[in-house]
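Single-structure report; data block below.
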Amino acid sequence: MIEARGLYSYYGKSPVLQNLTFTLQKGELMSVLGRNGVGKTTLMRSFLGLTDRLEGSLCFGGAEIAGLRTADRARLGIGYIPQGREIIPRFTVRENIVMGTYARRDGRRDMPEFVFELFPILKDFLDRRGGDLSGGQQQQLAIARALAMDPQLLILDEPTEGIQPNIVQQIHDVILRLNREFGLTILLVEQNVPFARRVSDRFIVMDKGRIVIAGTGAELTDALAEKHLTF
Ligand SMILES: Nc1ncnc2c1ncn2[C@@H]1O[C@H](COP(=O)(O)OP(=O)(O)OP(=O)(O)O)[C@@H](O)[C@H]1O
Ligand SMILES: [Mg+2]
């Protein structure tokens, strides 16, 4: 489903990502780990065409997407939940979710009911402004918005960063269900090594814009994490 070959991604003149090569099969979950500032978010943004320039090849579902506009990539079924959530604070919960539907290929604008099965609290808060929700609820809303576009690939950038522990567990459960039950392919930036090990088919560790280790979930040992992720 995803194949990156010799991928470079630039902000201005500097290549933040350098020579990334990896593949991810349909229905798999891949975690992206690494210290601060190594290029994890840049990799996620590269999938949406949100960096200044890409070199190399980035294929999604057999199509080369490196040259496509952001809206066209979303329409191909790439759902993005950015680091820091980026919901629209003055829009209601309903409006935020409906916004996601504008990237749908089939033109439907209704909110998918399963979103409220995953996040019942959002149904109660439909008319509240997004900005009035707690951080954890905003994260749930950001996931709901991405699901409303009916994606095939879901990109989640540190979805539990700075979120109260009771909601962390809930978000972890939802990520697992979306992958195992709904069959979504998932790219997940995640700092929690035990969680990444438990849910990942594959992982990569990045350092200074490059992939320094790649393996299967089970190969993500504490010793490896200690070596590459501690400061
Ligand atoms: N919009 C931008 N313009 C220029 N440089 C940027 C931009 N965004 C990020 N960078 C630079 O690219 C590098 C990688 O940043 P990135 O945000 O991808 O790292 P990260 O691994 O996601 O870090 P964190 O763990 O803090 O989220 C950093 O050196 C950063 O300063
Ligand atoms: Mg980041």
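Ordering of the structure tokens sets the chain letters (A, B, ...), residue numbers begin anew at 1 in every chain, and ligands are numbered from 1 in the order given.
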
Exercise. Produce as a PyMOL selection string the set of residues near ligand 2, where near means within 9 Å with only C-alpha atoms and all ligand atoms considered.
Key: chain A and resi 36-42+44+82-83+157-158+189

Residue selection dump (C-alpha atoms) as a tab-separated table (two decimals), in the first residue's frame:
chain	number	residue	atom	x	y	z
A	36	ASN	CA	12.75	15.13	19.32
A	37	GLY	CA	13.50	16.91	16.07
A	38	VAL	CA	14.64	13.87	14.06
A	39	GLY	CA	12.00	14.29	11.34
A	40	LYS	CA	9.01	12.18	12.42
A	41	THR	CA	6.46	14.93	11.81
A	42	THR	CA	8.23	15.88	8.59
A	44	MET	CA	4.00	12.48	8.19
A	82	PRO	CA	-1.54	16.23	13.04
A	83	GLN	CA	0.65	16.61	16.10
A	157	ASP	CA	1.30	12.02	14.92
A	158	GLU	CA	1.79	11.52	18.69
A	189	VAL	CA	4.29	8.40	15.57

Quiz prompt | helix (DSSP H, G or I) residues, from DSSP on the backbone, in range 4-188 of chain A, as a PyMOL selection string | solution = chain A and resi 40-48+70-75+93-101+114-118+120-124+130-132+135-147+165-180

Self-check item: Backbone DSSP call of strand (DSSP E) for range 65-230 of chain A, listed as a ChimeraX atom specification
Solution: /A:78-81,153-157,185-189,202-207,210-216

Exercise. Collect all residues with atoms no farther than 12 Å from ligand 1, counting only C-alpha atoms and all ligand atoms, and output them as an MDAnalysis selection string.
Key: chainID A and resid 9:18 32:46 50:53 82:84 156:159 161 188:191 205:211 229

Deliver the residues from the most recent selection as a file, using N, CA and C atoms, as a tab-separated table (two decimals), in the first residue's frame.
chain	number	residue	atom	x	y	z
A	9	SER	N	12.94	14.99	1.82
A	9	SER	CA	11.90	16.00	2.00
A	9	SER	C	12.56	17.27	2.52
A	10	TYR	N	12.18	18.39	1.92
A	10	TYR	CA	12.86	19.65	2.19
A	10	TYR	C	11.96	20.68	2.85
A	11	TYR	N	12.54	21.45	3.77
A	11	TYR	CA	12.00	22.76	4.13
A	11	TYR	C	13.04	23.76	3.63
A	12	GLY	N	12.66	24.61	2.72
A	12	GLY	CA	13.64	25.52	2.12
A	12	GLY	C	14.70	24.71	1.41
A	13	LYS	N	15.97	25.03	1.67
A	13	LYS	CA	17.04	24.34	0.95
A	13	LYS	C	17.54	23.11	1.68
A	14	SER	N	17.11	22.93	2.95
A	14	SER	CA	17.69	21.79	3.68
A	14	SER	C	16.81	20.55	3.61
A	15	PRO	N	17.43	19.42	3.27
A	15	PRO	CA	16.69	18.18	3.26
A	15	PRO	C	16.55	17.66	4.68
A	16	VAL	N	15.34	17.73	5.25
A	16	VAL	CA	15.12	17.24	6.62
A	16	VAL	C	15.10	15.71	6.61
A	17	LEU	N	14.44	15.13	5.60
A	17	LEU	CA	14.45	13.67	5.47
A	17	LEU	C	15.46	13.30	4.40
A	18	GLN	N	16.26	12.28	4.69
A	18	GLN	CA	17.30	11.91	3.75
A	18	GLN	C	17.28	10.42	3.44
A	32	VAL	N	6.50	4.92	14.12
A	32	VAL	CA	7.68	5.73	13.83
A	32	VAL	C	8.16	6.30	15.15
A	33	LEU	N	9.39	5.95	15.52
A	33	LEU	CA	9.93	6.40	16.80
A	33	LEU	C	11.20	7.21	16.56
A	34	GLY	N	11.60	7.95	17.58
A	34	GLY	CA	12.82	8.74	17.47
A	34	GLY	C	12.76	9.91	18.42
A	35	ARG	N	13.94	10.43	18.73
A	35	ARG	CA	14.02	11.57	19.66
A	35	ARG	C	13.39	12.81	19.04
A	36	ASN	N	13.32	13.88	19.81
A	36	ASN	CA	12.75	15.13	19.32
A	36	ASN	C	13.57	15.68	18.15
A	37	GLY	N	12.85	16.18	17.15
A	37	GLY	CA	13.50	16.91	16.07
A	37	GLY	C	14.20	16.05	15.03
A	38	VAL	N	13.93	14.74	15.01
A	38	VAL	CA	14.64	13.87	14.06
A	38	VAL	C	13.92	13.76	12.71
A	39	GLY	N	12.68	14.29	12.64
A	39	GLY	CA	12.00	14.29	11.34
A	39	GLY	C	10.74	13.45	11.27
A	40	LYS	N	10.22	13.02	12.42
A	40	LYS	CA	9.01	12.18	12.42
A	40	LYS	C	7.81	12.94	11.83
A	41	THR	N	7.59	14.14	12.32
A	41	THR	CA	6.46	14.93	11.81
A	41	THR	C	6.69	15.29	10.34
A	42	THR	N	7.92	15.57	10.00
A	42	THR	CA	8.23	15.88	8.59
A	42	THR	C	7.86	14.71	7.69
A	43	LEU	N	8.10	13.49	8.16
A	43	LEU	CA	7.72	12.32	7.37
A	43	LEU	C	6.20	12.27	7.19
A	44	MET	N	5.46	12.51	8.28
A	44	MET	CA	4.00	12.48	8.19
A	44	MET	C	3.50	13.57	7.24
A	45	ARG	N	4.09	14.75	7.36
A	45	ARG	CA	3.68	15.88	6.51
A	45	ARG	C	4.03	15.63	5.05
A	46	SER	N	5.08	14.86	4.84
A	46	SER	CA	5.48	14.55	3.46
A	46	SER	C	4.40	13.74	2.75
A	50	LEU	N	2.92	18.51	2.61
A	50	LEU	CA	2.96	19.74	3.42
A	50	LEU	C	4.38	20.23	3.70
A	51	THR	N	5.36	19.63	3.06
A	51	THR	CA	6.72	20.19	3.15
A	51	THR	C	6.98	20.94	1.84
A	52	ASP	N	8.12	21.62	1.75
A	52	ASP	CA	8.36	22.45	0.57
A	52	ASP	C	8.61	21.62	-0.69
A	53	ARG	N	9.26	20.48	-0.52
A	53	ARG	CA	9.62	19.72	-1.73
A	53	ARG	C	9.96	18.29	-1.37
A	82	PRO	N	-2.83	15.58	12.80
A	82	PRO	CA	-1.54	16.23	13.04
A	82	PRO	C	-1.15	16.28	14.51
A	83	GLN	N	0.14	16.41	14.75
A	83	GLN	CA	0.65	16.61	16.10
A	83	GLN	C	0.04	17.91	16.62
A	84	GLY	N	-0.50	17.88	17.85
A	84	GLY	CA	-1.14	19.09	18.38
A	84	GLY	C	-2.58	19.25	17.91
A	156	LEU	N	-1.27	9.16	12.28
A	156	LEU	CA	-1.47	9.76	13.61
A	156	LEU	C	-0.11	10.20	14.16
A	157	ASP	N	0.03	11.49	14.44
A	157	ASP	CA	1.30	12.02	14.92
A	157	ASP	C	1.21	12.30	16.43
A	158	GLU	N	1.79	11.43	17.21
A	158	GLU	CA	1.79	11.52	18.69
A	158	GLU	C	0.40	11.82	19.25
A	159	PRO	N	-0.54	10.91	19.01
A	159	PRO	CA	-1.94	11.18	19.40
A	159	PRO	C	-2.17	11.26	20.91
A	161	GLU	N	0.16	12.60	23.10
A	161	GLU	CA	1.08	13.58	23.69
A	161	GLU	C	0.29	14.61	24.52
A	188	LEU	N	1.90	5.54	12.66
A	188	LEU	CA	1.73	6.11	13.99
A	188	LEU	C	3.06	6.61	14.54
A	189	VAL	N	3.13	7.90	14.84
A	189	VAL	CA	4.29	8.40	15.57
A	189	VAL	C	3.99	8.20	17.05
A	190	GLU	N	4.83	7.46	17.72
A	190	GLU	CA	4.51	7.04	19.09
A	190	GLU	C	5.78	6.97	19.93
A	191	GLN	N	5.71	7.55	21.12
A	191	GLN	CA	6.88	7.52	22.01
A	191	GLN	C	6.78	6.41	23.05
A	205	VAL	N	12.92	3.43	13.52
A	205	VAL	CA	13.46	4.47	14.40
A	205	VAL	C	14.22	5.43	13.51
A	206	MET	N	13.95	6.71	13.69
A	206	MET	CA	14.63	7.74	12.90
A	206	MET	C	15.63	8.49	13.75
A	207	ASP	N	16.68	8.95	13.10
A	207	ASP	CA	17.64	9.84	13.73
A	207	ASP	C	18.20	10.77	12.66
A	208	LYS	N	18.23	12.06	12.93
A	208	LYS	CA	18.74	13.06	11.99
A	208	LYS	C	18.22	12.86	10.57
A	209	GLY	N	16.92	12.63	10.46
A	209	GLY	CA	16.30	12.57	9.14
A	209	GLY	C	16.48	11.27	8.40
A	210	ARG	N	17.08	10.28	9.06
A	210	ARG	CA	17.28	8.98	8.40
A	210	ARG	C	16.66	7.87	9.23
A	211	ILE	N	16.43	6.72	8.57
A	211	ILE	CA	15.99	5.54	9.30
A	211	ILE	C	17.24	4.84	9.82
A	229	LEU	N	16.49	5.75	21.90
A	229	LEU	CA	15.44	6.71	22.19
A	229	LEU	C	15.67	7.51	23.47

Self-check item: Length of the CA of Leu153 in chain A to CA of Ile186 in chain A vector [Å]
Solution: 5.7 Å

Quiz item: Could you name the residues that touch range 60-75 of chain A at 10 Å or less, counting only C-alpha atoms, but leaving out those on the same chain fewer than 6 positions away, as a PyMOL selection string?
Solution: chain A and resi 1-4+7+23-26+45-50+53-54+100+102-106+146+149-153

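The coordinates place CA of Ala218 in chain A at 28.6 Å from CA of Gly136 in chain A.
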
Quiz item: Could you name the residues that touch Asn166 in chain A at 12 Å or less, counting only C-alpha atoms, but leaving out those on the same chain fewer than 4 positions away, as a list in words?
Solution: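 Non-adjacent residues within range: Gly135, Gly136, Gln137, Thr160, Gly162, Gln170, Ile171, His172 and Asp173 of chain A.
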
Self-check item: Non-local contacts of Arg5 in chain A (8 Å; only C-alpha atoms; under 6 positions in same chain excluded) as a ChimeraX atom specification
Solution: /A:19-22,56-58

Quiz prompt | Neighbour list for Phe116 in chain A as a ChimeraX atom specification, cut-off 12 Å, only C-alpha atoms, skip fewer than 5 positions in-chain | solution = /A:93-94,97,111,121-126,140-141,143-145,147-148,174

Quiz item: From the list A:Val115, A:Ala142, A:Ile163, A:Ile175, which residue is nearest Asn96 in chain A when using only C-alpha atoms?
Solution: A:Ala142

Quiz prompt | Length of the CA of Gly79 in chain A to CA of Met30 in chain A vector [Å] | solution = 14.9 Å
